[in-house]
$ cat model07.pdb   # PDB, C-alpha atoms and all ligand atoms
ATOM      1  CA  MET S   1     -10.869 -18.139 -23.354  1.00  0.00           C
ATOM      2  CA  LEU S   2      -7.494 -16.369 -23.638  1.00  0.00           C
ATOM      3  CA  ASN S   3      -7.097 -13.498 -21.182  1.00  0.00           C
ATOM      4  CA  LEU S   4      -3.695 -11.887 -21.446  1.00  0.00           C
ATOM      5  CA  VAL S   5      -2.109  -9.136 -19.348  1.00  0.00           C
ATOM      6  CA  LEU S   6       0.523  -7.263 -21.362  1.00  0.00           C
ATOM      7  CA  PHE S   7       2.803  -5.620 -18.840  1.00  0.00           C
ATOM      8  CA  GLY S   8       5.739  -3.230 -18.814  1.00  0.00           C
ATOM      9  CA  PRO S   9       6.790   0.341 -18.104  1.00  0.00           C
ATOM     10  CA  PRO S  10       5.475   3.332 -20.101  1.00  0.00           C
ATOM     11  CA  GLY S  11       6.869   3.084 -23.619  1.00  0.00           C
ATOM     12  CA  ALA S  12       7.715  -0.624 -23.380  1.00  0.00           C
ATOM     13  CA  GLY S  13       5.688  -1.435 -26.507  1.00  0.00           C
ATOM     14  CA  LYS S  14       2.425  -2.673 -24.967  1.00  0.00           C
ATOM     15  CA  GLY S  15       0.207  -0.650 -27.295  1.00  0.00           C
ATOM     16  CA  THR S  16       2.335  -1.536 -30.333  1.00  0.00           C
ATOM     17  CA  GLN S  17       2.235  -5.275 -29.625  1.00  0.00           C
ATOM     18  CA  SER S  18      -1.462  -5.229 -28.672  1.00  0.00           C
ATOM     19  CA  GLN S  19      -2.383  -4.028 -32.175  1.00  0.00           C
ATOM     20  CA  LYS S  20      -0.644  -7.039 -33.689  1.00  0.00           C
ATOM     21  CA  LEU S  21      -2.033  -9.487 -31.118  1.00  0.00           C
ATOM     22  CA  ILE S  22      -5.668  -8.513 -31.700  1.00  0.00           C
ATOM     23  CA  GLU S  23      -5.211  -9.177 -35.433  1.00  0.00           C
ATOM     24  CA  LYS S  24      -3.625 -12.591 -34.938  1.00  0.00           C
ATOM     25  CA  TYR S  25      -5.707 -13.924 -32.029  1.00  0.00           C
ATOM     26  CA  GLY S  26      -9.036 -12.104 -32.453  1.00  0.00           C
ATOM     27  CA  LEU S  27      -9.001 -10.764 -28.901  1.00  0.00           C
ATOM     28  CA  ILE S  28     -10.636  -7.590 -27.594  1.00  0.00           C
ATOM     29  CA  HIS S  29      -8.078  -4.893 -26.718  1.00  0.00           C
ATOM     30  CA  LEU S  30      -8.719  -3.122 -23.422  1.00  0.00           C
ATOM     31  CA  SER S  31      -6.218  -0.287 -22.924  1.00  0.00           C
ATOM     32  CA  THR S  32      -7.011   1.876 -19.919  1.00  0.00           C
ATOM     33  CA  GLY S  33      -4.765   4.604 -21.382  1.00  0.00           C
ATOM     34  CA  ASP S  34      -6.858   4.639 -24.588  1.00  0.00           C
ATOM     35  CA  LEU S  35     -10.131   4.525 -22.636  1.00  0.00           C
ATOM     36  CA  LEU S  36      -9.032   7.495 -20.521  1.00  0.00           C
ATOM     37  CA  ARG S  37      -7.864   9.468 -23.574  1.00  0.00           C
ATOM     38  CA  SER S  38     -11.240   8.840 -25.196  1.00  0.00           C
ATOM     39  CA  GLU S  39     -12.983  10.235 -22.062  1.00  0.00           C
ATOM     40  CA  ILE S  40     -10.715  13.305 -22.343  1.00  0.00           C
ATOM     41  CA  ALA S  41     -11.499  13.718 -26.060  1.00  0.00           C
ATOM     42  CA  ASN S  42     -15.235  13.546 -25.273  1.00  0.00           C
ATOM     43  CA  GLY S  43     -14.858  16.170 -22.545  1.00  0.00           C
ATOM     44  CA  THR S  44     -16.578  14.030 -19.875  1.00  0.00           C
ATOM     45  CA  GLU S  45     -16.290  14.828 -16.169  1.00  0.00           C
ATOM     46  CA  LEU S  46     -14.199  11.677 -15.687  1.00  0.00           C
ATOM     47  CA  GLY S  47     -11.953  12.783 -18.573  1.00  0.00           C
ATOM     48  CA  LEU S  48     -11.402  16.236 -17.104  1.00  0.00           C
ATOM     49  CA  GLU S  49     -10.346  14.740 -13.756  1.00  0.00           C
ATOM     50  CA  ALA S  50      -8.130  12.113 -15.418  1.00  0.00           C
ATOM     51  CA  LYS S  51      -6.392  14.676 -17.647  1.00  0.00           C
ATOM     52  CA  LYS S  52      -5.077  16.635 -14.657  1.00  0.00           C
ATOM     53  CA  LEU S  53      -3.406  13.480 -13.306  1.00  0.00           C
ATOM     54  CA  MET S  54      -2.191  12.055 -16.626  1.00  0.00           C
ATOM     55  CA  ASP S  55      -0.572  15.349 -17.640  1.00  0.00           C
ATOM     56  CA  GLN S  56       1.483  15.154 -14.433  1.00  0.00           C
ATOM     57  CA  GLY S  57       2.448  11.524 -15.071  1.00  0.00           C
ATOM     58  CA  VAL S  58       0.601  10.104 -12.064  1.00  0.00           C
ATOM     59  CA  LEU S  59      -1.902   7.244 -11.933  1.00  0.00           C
ATOM     60  CA  VAL S  60      -5.657   7.785 -12.057  1.00  0.00           C
ATOM     61  CA  PRO S  61      -7.552   6.417  -8.956  1.00  0.00           C
ATOM     62  CA  ASP S  62      -8.113   2.639  -8.921  1.00  0.00           C
ATOM     63  CA  ALA S  63     -11.921   2.936  -8.633  1.00  0.00           C
ATOM     64  CA  VAL S  64     -12.100   4.918 -11.888  1.00  0.00           C
ATOM     65  CA  VAL S  65     -10.151   2.440 -14.015  1.00  0.00           C
ATOM     66  CA  ILE S  66     -11.721  -0.632 -12.401  1.00  0.00           C
ATOM     67  CA  GLY S  67     -15.171   0.826 -13.203  1.00  0.00           C
ATOM     68  CA  MET S  68     -14.191   1.376 -16.848  1.00  0.00           C
ATOM     69  CA  ILE S  69     -12.874  -2.181 -17.229  1.00  0.00           C
ATOM     70  CA  SER S  70     -15.931  -3.698 -15.551  1.00  0.00           C
ATOM     71  CA  HIS S  71     -18.173  -1.822 -17.983  1.00  0.00           C
ATOM     72  CA  LYS S  72     -16.143  -3.022 -21.008  1.00  0.00           C
ATOM     73  CA  LEU S  73     -16.188  -6.655 -19.829  1.00  0.00           C
ATOM     74  CA  ASP S  74     -19.975  -6.506 -19.535  1.00  0.00           C
ATOM     75  CA  ALA S  75     -20.265  -4.919 -22.984  1.00  0.00           C
ATOM     76  CA  ASN S  76     -18.227  -7.744 -24.613  1.00  0.00           C
ATOM     77  CA  LYS S  77     -19.850 -10.867 -23.169  1.00  0.00           C
ATOM     78  CA  ASP S  78     -19.221 -12.998 -26.290  1.00  0.00           C
ATOM     79  CA  ALA S  79     -15.499 -12.153 -26.643  1.00  0.00           C
ATOM     80  CA  LYS S  80     -12.985 -14.955 -27.341  1.00  0.00           C
ATOM     81  CA  GLY S  81     -10.717 -13.247 -24.846  1.00  0.00           C
ATOM     82  CA  PHE S  82      -9.114  -9.969 -23.854  1.00  0.00           C
ATOM     83  CA  ILE S  83      -5.728  -8.258 -23.936  1.00  0.00           C
ATOM     84  CA  PHE S  84      -5.375  -6.039 -20.899  1.00  0.00           C
ATOM     85  CA  ASP S  85      -2.916  -3.269 -21.841  1.00  0.00           C
ATOM     86  CA  GLY S  86      -1.836  -0.831 -19.130  1.00  0.00           C
ATOM     87  CA  PHE S  87      -4.127  -2.578 -16.619  1.00  0.00           C
ATOM     88  CA  PRO S  88      -3.762  -3.735 -13.868  1.00  0.00           C
ATOM     89  CA  ARG S  89      -1.305  -1.003 -12.803  1.00  0.00           C
ATOM     90  CA  THR S  90      -1.609  -1.532  -9.035  1.00  0.00           C
ATOM     91  CA  VAL S  91      -2.030  -4.639  -6.881  1.00  0.00           C
ATOM     92  CA  ALA S  92      -5.537  -3.395  -5.928  1.00  0.00           C
ATOM     93  CA  GLN S  93      -6.433  -3.317  -9.647  1.00  0.00           C
ATOM     94  CA  ALA S  94      -5.063  -6.864 -10.088  1.00  0.00           C
ATOM     95  CA  GLU S  95      -7.189  -8.128  -7.192  1.00  0.00           C
ATOM     96  CA  ALA S  96     -10.272  -6.413  -8.621  1.00  0.00           C
ATOM     97  CA  LEU S  97      -9.620  -7.918 -12.069  1.00  0.00           C
ATOM     98  CA  ASP S  98      -9.385 -11.434 -10.603  1.00  0.00           C
ATOM     99  CA  GLN S  99     -12.772 -10.890  -8.936  1.00  0.00           C
ATOM    100  CA  LEU S 100     -14.383  -9.564 -12.125  1.00  0.00           C
ATOM    101  CA  LEU S 101     -13.092 -12.536 -14.125  1.00  0.00           C
ATOM    102  CA  GLU S 102     -14.023 -15.040 -11.416  1.00  0.00           C
ATOM    103  CA  SER S 103     -17.676 -14.143 -11.882  1.00  0.00           C
ATOM    104  CA  LYS S 104     -17.232 -14.978 -15.600  1.00  0.00           C
ATOM    105  CA  ASN S 105     -15.309 -18.186 -14.866  1.00  0.00           C
ATOM    106  CA  ALA S 106     -12.507 -16.981 -17.178  1.00  0.00           C
ATOM    107  CA  PRO S 107      -9.301 -16.335 -15.216  1.00  0.00           C
ATOM    108  CA  ILE S 108      -6.156 -14.593 -16.494  1.00  0.00           C
ATOM    109  CA  SER S 109      -4.188 -17.038 -18.674  1.00  0.00           C
ATOM    110  CA  GLY S 110      -0.919 -15.235 -18.072  1.00  0.00           C
ATOM    111  CA  MET S 111       1.016 -12.001 -17.773  1.00  0.00           C
ATOM    112  CA  ILE S 112       3.713 -11.204 -20.340  1.00  0.00           C
ATOM    113  CA  ALA S 113       6.127  -8.457 -19.289  1.00  0.00           C
ATOM    114  CA  LEU S 114       8.198  -6.459 -21.782  1.00  0.00           C
ATOM    115  CA  GLU S 115      11.602  -5.602 -20.286  1.00  0.00           C
ATOM    116  CA  VAL S 116      13.060  -2.263 -21.461  1.00  0.00           C
ATOM    117  CA  ASN S 117      15.640  -0.083 -19.671  1.00  0.00           C
ATOM    118  CA  ASP S 118      14.832   3.487 -18.549  1.00  0.00           C
ATOM    119  CA  ASP S 119      17.083   5.254 -21.102  1.00  0.00           C
ATOM    120  CA  GLU S 120      15.390   3.477 -24.015  1.00  0.00           C
ATOM    121  CA  LEU S 121      11.915   4.222 -22.560  1.00  0.00           C
ATOM    122  CA  GLU S 122      12.672   7.915 -22.282  1.00  0.00           C
ATOM    123  CA  LYS S 123      14.040   8.006 -25.847  1.00  0.00           C
ATOM    124  CA  ARG S 124      10.947   6.261 -27.279  1.00  0.00           C
ATOM    125  CA  LEU S 125       8.451   8.430 -25.430  1.00  0.00           C
ATOM    126  CA  LEU S 126      10.182  11.695 -26.350  1.00  0.00           C
ATOM    127  CA  LEU S 127      10.248  10.559 -29.992  1.00  0.00           C
ATOM    128  CA  ARG S 128       6.518   9.735 -29.902  1.00  0.00           C
ATOM    129  CA  GLY S 129       5.854  13.060 -28.161  1.00  0.00           C
ATOM    130  CA  LYS S 130       7.127  14.924 -31.213  1.00  0.00           C
ATOM    131  CA  ASP S 131       4.019  14.065 -33.211  1.00  0.00           C
ATOM    132  CA  SER S 132       1.556  12.256 -30.912  1.00  0.00           C
ATOM    133  CA  GLY S 133       0.218  15.428 -29.319  1.00  0.00           C
ATOM    134  CA  ARG S 134       0.268  13.579 -25.965  1.00  0.00           C
ATOM    135  CA  PRO S 135       1.261  16.096 -23.260  1.00  0.00           C
ATOM    136  CA  ASP S 136       2.621  13.251 -21.082  1.00  0.00           C
ATOM    137  CA  ASP S 137       5.124  12.269 -23.811  1.00  0.00           C
ATOM    138  CA  ALA S 138       6.486  15.746 -24.512  1.00  0.00           C
ATOM    139  CA  ASN S 139       8.259  16.560 -21.268  1.00  0.00           C
ATOM    140  CA  PRO S 140      11.275  14.610 -19.871  1.00  0.00           C
ATOM    141  CA  GLU S 141      10.285  15.472 -16.294  1.00  0.00           C
ATOM    142  CA  VAL S 142       6.788  13.995 -16.739  1.00  0.00           C
ATOM    143  CA  ILE S 143       8.265  10.902 -18.426  1.00  0.00           C
ATOM    144  CA  ARG S 144      10.584  10.357 -15.455  1.00  0.00           C
ATOM    145  CA  LYS S 145       7.613  10.769 -13.101  1.00  0.00           C
ATOM    146  CA  ARG S 146       5.702   8.098 -15.054  1.00  0.00           C
ATOM    147  CA  ILE S 147       8.661   5.721 -14.791  1.00  0.00           C
ATOM    148  CA  LYS S 148       8.870   6.423 -11.047  1.00  0.00           C
ATOM    149  CA  GLU S 149       5.122   5.755 -10.643  1.00  0.00           C
ATOM    150  CA  TYR S 150       5.688   2.491 -12.499  1.00  0.00           C
ATOM    151  CA  ASN S 151       8.556   1.437 -10.235  1.00  0.00           C
ATOM    152  CA  ASP S 152       6.696   2.427  -7.037  1.00  0.00           C
ATOM    153  CA  LYS S 153       3.141   1.261  -7.755  1.00  0.00           C
ATOM    154  CA  THR S 154       3.037  -0.928 -10.848  1.00  0.00           C
ATOM    155  CA  ALA S 155       6.165  -3.120 -10.662  1.00  0.00           C
ATOM    156  CA  PRO S 156       4.736  -5.003  -7.593  1.00  0.00           C
ATOM    157  CA  VAL S 157       1.906  -6.279  -9.816  1.00  0.00           C
ATOM    158  CA  ALA S 158       4.460  -8.685 -11.373  1.00  0.00           C
ATOM    159  CA  GLY S 159       4.798 -10.362  -7.954  1.00  0.00           C
ATOM    160  CA  PHE S 160       1.025 -10.830  -7.807  1.00  0.00           C
ATOM    161  CA  TYR S 161       1.102 -12.936 -10.997  1.00  0.00           C
ATOM    162  CA  LYS S 162       4.394 -14.652 -10.102  1.00  0.00           C
ATOM    163  CA  ALA S 163       2.678 -15.962  -6.977  1.00  0.00           C
ATOM    164  CA  GLN S 164       0.015 -17.476  -9.260  1.00  0.00           C
ATOM    165  CA  HIS S 165       2.739 -18.937 -11.564  1.00  0.00           C
ATOM    166  CA  LYS S 166       1.401 -16.845 -14.443  1.00  0.00           C
ATOM    167  CA  PHE S 167       4.369 -14.540 -15.087  1.00  0.00           C
ATOM    168  CA  LYS S 168       6.687 -14.583 -18.121  1.00  0.00           C
ATOM    169  CA  SER S 169       9.091 -11.846 -19.173  1.00  0.00           C
ATOM    170  CA  ILE S 170      10.462 -11.045 -22.611  1.00  0.00           C
ATOM    171  CA  ASN S 171      13.196  -8.708 -23.869  1.00  0.00           C
ATOM    172  CA  GLY S 172      11.313  -5.648 -25.160  1.00  0.00           C
ATOM    173  CA  ILE S 173      14.308  -4.271 -27.077  1.00  0.00           C
ATOM    174  CA  GLY S 174      14.650  -5.314 -30.701  1.00  0.00           C
ATOM    175  CA  SER S 175      12.433  -5.286 -33.764  1.00  0.00           C
ATOM    176  CA  VAL S 176       8.652  -5.143 -33.259  1.00  0.00           C
ATOM    177  CA  GLU S 177       8.395  -8.397 -35.279  1.00  0.00           C
ATOM    178  CA  ASP S 178      10.939 -10.313 -33.159  1.00  0.00           C
ATOM    179  CA  ILE S 179       9.238  -9.209 -29.942  1.00  0.00           C
ATOM    180  CA  PHE S 180       5.851 -10.217 -31.383  1.00  0.00           C
ATOM    181  CA  ASN S 181       7.225 -13.687 -32.192  1.00  0.00           C
ATOM    182  CA  GLY S 182       8.502 -13.996 -28.613  1.00  0.00           C
ATOM    183  CA  ILE S 183       5.065 -13.144 -27.239  1.00  0.00           C
ATOM    184  CA  GLY S 184       3.462 -15.604 -29.671  1.00  0.00           C
ATOM    185  CA  ALA S 185       5.704 -18.407 -28.399  1.00  0.00           C
ATOM    186  CA  VAL S 186       4.525 -17.758 -24.826  1.00  0.00           C
ATOM    187  CA  ILE S 187       0.862 -17.659 -25.884  1.00  0.00           C
ATOM    188  CA  ASP S 188       1.243 -20.919 -27.795  1.00  0.00           C
ATOM    189  CA  SER S 189       2.530 -22.523 -24.586  1.00  0.00           C
ATOM    190  CA  TYR S 190      -0.728 -21.772 -22.707  1.00  0.00           C
TER     191      TYR S 190
HETATM  192  P1  LIG D 201      -0.800   4.467 -21.271  1.00  0.00           P
HETATM  193  O1  LIG D 201      -1.601   4.919 -22.404  1.00  0.00           O
HETATM  194  O2  LIG D 201      -0.983   3.044 -20.844  1.00  0.00           O
HETATM  195  O3  LIG D 201       0.697   4.846 -21.689  1.00  0.00           O
HETATM  196  P2  LIG D 201       1.994   4.080 -21.924  1.00  0.00           P
HETATM  197  O4  LIG D 201       2.301   3.151 -20.785  1.00  0.00           O
HETATM  198  O5  LIG D 201       2.982   5.177 -22.234  1.00  0.00           O
HETATM  199  O6  LIG D 201       1.787   3.275 -23.286  1.00  0.00           O
HETATM  200  P3  LIG D 201       2.547   2.089 -23.934  1.00  0.00           P
HETATM  201  O7  LIG D 201       3.558   1.426 -23.025  1.00  0.00           O
HETATM  202  O8  LIG D 201       1.478   1.227 -24.478  1.00  0.00           O
HETATM  203  O9  LIG D 201       3.340   2.783 -25.156  1.00  0.00           O
HETATM  204  P4  LIG D 201       3.951   1.915 -26.335  1.00  0.00           P
HETATM  205  O10 LIG D 201       4.933   1.053 -25.630  1.00  0.00           O
HETATM  206  O11 LIG D 201       2.992   1.293 -27.197  1.00  0.00           O
HETATM  207  O12 LIG D 201      -1.005   5.366 -19.960  1.00  0.00           O
HETATM  208  C1  LIG D 201      -0.959   6.789 -19.969  1.00  0.00           C
HETATM  209  C2  LIG D 201      -1.408   7.355 -18.609  1.00  0.00           C
HETATM  210  O13 LIG D 201      -2.797   6.970 -18.347  1.00  0.00           O
HETATM  211  C3  LIG D 201      -0.646   6.859 -17.368  1.00  0.00           C
HETATM  212  O14 LIG D 201       0.538   7.605 -17.127  1.00  0.00           O
HETATM  213  C4  LIG D 201      -1.727   7.054 -16.252  1.00  0.00           C
HETATM  214  O15 LIG D 201      -1.775   8.389 -15.827  1.00  0.00           O
HETATM  215  C5  LIG D 201      -3.037   6.719 -16.947  1.00  0.00           C
HETATM  216  N1  LIG D 201      -3.449   5.324 -16.775  1.00  0.00           N
HETATM  217  C6  LIG D 201      -3.561   4.397 -17.784  1.00  0.00           C
HETATM  218  N2  LIG D 201      -3.953   3.197 -17.282  1.00  0.00           N
HETATM  219  C7  LIG D 201      -4.087   3.368 -15.925  1.00  0.00           C
HETATM  220  C8  LIG D 201      -4.421   2.468 -14.860  1.00  0.00           C
HETATM  221  N3  LIG D 201      -4.702   1.177 -15.080  1.00  0.00           N
HETATM  222  N4  LIG D 201      -4.460   2.969 -13.602  1.00  0.00           N
HETATM  223  C9  LIG D 201      -4.183   4.267 -13.352  1.00  0.00           C
HETATM  224  N5  LIG D 201      -3.837   5.169 -14.309  1.00  0.00           N
HETATM  225  C10 LIG D 201      -3.779   4.716 -15.609  1.00  0.00           C
HETATM  226  O16 LIG D 201       4.681   2.926 -27.256  1.00  0.00           O
HETATM  227  C11 LIG D 201       5.778   3.719 -26.882  1.00  0.00           C
HETATM  228  C12 LIG D 201       6.575   4.159 -28.100  1.00  0.00           C
HETATM  229  O17 LIG D 201       7.597   3.197 -28.356  1.00  0.00           O
HETATM  230  C13 LIG D 201       5.774   4.265 -29.401  1.00  0.00           C
HETATM  231  O18 LIG D 201       6.143   5.429 -30.074  1.00  0.00           O
HETATM  232  C14 LIG D 201       6.190   3.036 -30.198  1.00  0.00           C
HETATM  233  O19 LIG D 201       6.169   3.242 -31.585  1.00  0.00           O
HETATM  234  C15 LIG D 201       7.591   2.821 -29.709  1.00  0.00           C
HETATM  235  N6  LIG D 201       7.982   1.412 -29.786  1.00  0.00           N
HETATM  236  C16 LIG D 201       7.193   0.327 -29.510  1.00  0.00           C
HETATM  237  N7  LIG D 201       7.884  -0.814 -29.688  1.00  0.00           N
HETATM  238  C17 LIG D 201       9.160  -0.451 -30.057  1.00  0.00           C
HETATM  239  C18 LIG D 201      10.355  -1.191 -30.377  1.00  0.00           C
HETATM  240  N8  LIG D 201      10.388  -2.530 -30.342  1.00  0.00           N
HETATM  241  N9  LIG D 201      11.475  -0.493 -30.692  1.00  0.00           N
HETATM  242  C19 LIG D 201      11.446   0.868 -30.736  1.00  0.00           C
HETATM  243  N10 LIG D 201      10.353   1.620 -30.458  1.00  0.00           N
HETATM  244  C20 LIG D 201       9.220   0.969 -30.119  1.00  0.00           C
END
$ encode --input "model07.pdb" --output "structure tokens" --more "lines below"
Ligand code: B4P
Amino acid sequence: MLNLVLFGPPGAGKGTQSQKLIEKYGLIHLSTGDLLRSEIANGTELGLEAKKLMDQGVLVPDAVVIGMISHKLDANKDAKGFIFDGFPRTVAQAEALDQLLESKNAPISGMIALEVNDDELEKRLLLRGKDSGRPDDANPEVIRKRIKEYNDKTAPVAGFYKAQHKFKSINGIGSVEDIFNGIGAVIDSY
């Protein structure tokens, strides 16, 4: 079973690369950002709470996202593997994911981090904000808050996987195809 964590700051290209990876490797894509936006679109109580936080560029509580992932893992028992996109975003989420996967005897194969500098991230997100309709992409102040949240709370997750010798980083600047080939080379080494 291939269980991949695709890691990087907001706008690094995780969602973009995930779409290509699911086609090539037949994995199930679990994006906590997409799952939360679907709760918002359905007007659920969870969605209403999450929207307030996401619109400000801050993380949703760990228990909420861990619960969503646990539910999705149970609903896809026969999967060949998963791409975790935007999750884990805190060390507590990484610990919870290890526990969930331990009970399935299918640990994380590796984390692949996309390295992109802050100026490029801001440019990409503002560009997407022009037509995505995502409130968190439209405002430079919210984008900077998201990058700060990443540096404060999410960046330490890399250390969690480094300690398990499961961390690889890739340059996330360049063509989508070249970056995809770089990720493929890491996956082929597993
Ligand atoms: P996400 O939906 O995960 O948002 P994201 O990090 O901005 O997405 P991503 O990084 O995938 O964007 P992509 O690069 O594909 O999270 C949104 C919010 O949800 C968070 O702020 C938080 O509040 C909440 N949340 C989600 N998960 C959570 C968790 N686990 N715990 C707590 N809270 C959570 O795309 C960016 C743009 O770059 C696109 O327009 C794309 O076309 C472009 N792009 C991609 N590759 C490119 C390239 N190589 N060159 C140029 N442009 C490129």
$ closest_residue --input "model07.pdb" --among "S:Asn117, S:Leu59, S:Glu102, S:Tyr25" --to "S:Ile187" --atoms "all atoms listed in the file"
S:Tyr25
$ atom_distance --input "model07.pdb" --atom1 "atom CA of S:Val142" --atom2 "atom CA of S:Val58"
8.7 Å
$ closest_atom_pairs --input "model07.pdb" --of "chain S" --to "ligand LIG 201 (chain D)" --cutoff "6 Å" --atoms "all atoms listed in the file" --output "CSV"
residue,atom,partner,partner_atom,distance
S:Pro9,CA,D:LIG201,O4,5.9
S:Pro10,CA,D:LIG201,O4,3.3
S:Gly11,CA,D:LIG201,O10,3.5
S:Ala12,CA,D:LIG201,O10,4.0
S:Gly13,CA,D:LIG201,O10,2.7
S:Lys14,CA,D:LIG201,O8,4.0
S:Gly15,CA,D:LIG201,O11,3.4
S:Thr16,CA,D:LIG201,O11,4.3
S:Thr32,CA,D:LIG201,N2,4.2
S:Gly33,CA,D:LIG201,O1,3.3
S:Asp34,CA,D:LIG201,O1,5.7
S:Leu53,CA,D:LIG201,O15,5.9
S:Met54,CA,D:LIG201,O15,3.8
S:Gly57,CA,D:LIG201,O14,4.8
S:Val58,CA,D:LIG201,O15,4.8
S:Leu59,CA,D:LIG201,N5,3.7
S:Val60,CA,D:LIG201,N5,3.9
S:Pro61,CA,D:LIG201,C9,5.9
S:Asp62,CA,D:LIG201,N4,5.9
S:Val65,CA,D:LIG201,N3,5.7
S:Gly86,CA,D:LIG201,O2,4.3
S:Phe87,CA,D:LIG201,N3,4.1
S:Pro88,CA,D:LIG201,N3,5.1
S:Arg89,CA,D:LIG201,N3,4.6
S:Arg124,CA,D:LIG201,O17,4.7
S:Leu125,CA,D:LIG201,C12,5.4
S:Arg128,CA,D:LIG201,O18,4.3
S:Arg146,CA,D:LIG201,O14,5.6
S:Ile173,CA,D:LIG201,N8,5.4
S:Gly174,CA,D:LIG201,N8,5.1
S:Ser175,CA,D:LIG201,N8,4.8
S:Val176,CA,D:LIG201,N8,4.3
$ closest_residue --input "model07.pdb" --among "S:Met68, S:Ile143, S:Leu35, S:Leu114" --to "S:Leu126" --atoms "all atoms listed in the file"
S:Ile143
$ closest_residue --input "model07.pdb" --among "S:Gly110, S:Gly129, S:Val157, S:Gly43" --to "S:Asp188" --atoms "only C-alpha atoms"
S:Gly110
$ closest_residue --input "model07.pdb" --among "S:Leu100, S:Asn42, S:Thr90, S:Ala106" --to "S:Thr154" --atoms "all atoms listed in the file"
S:Thr90
$ resolve_selection --input "model07.pdb" --expression "the PyMOL selection byres (((chain S and resi 183) around 10) and not hetatm)" --output "ChimeraX atom specification"
/S:6,17,21,112-114,168-172,177-182,184-188
$ atom_distance --input "model07.pdb" --atom1 "atom CA of S:Lys145" --atom2 "atom CA of S:Asp55"
10.4 Å
$ resolve_selection --input "model07.pdb" --expression "the PyMOL selection byres (((chain S and resi 158) around 9) and not hetatm)" --output "ChimeraX atom specification"
/S:7,91,111,113,154-157,159-163,167
$ resolve_selection --input "model07.pdb" --expression "the PyMOL selection byres (((chain S and resi 81) around 6) and not hetatm)" --output "list of chain:residue names"
S:Met1, S:Leu2, S:Asn3, S:Leu27, S:Ala79, S:Lys80, S:Phe82
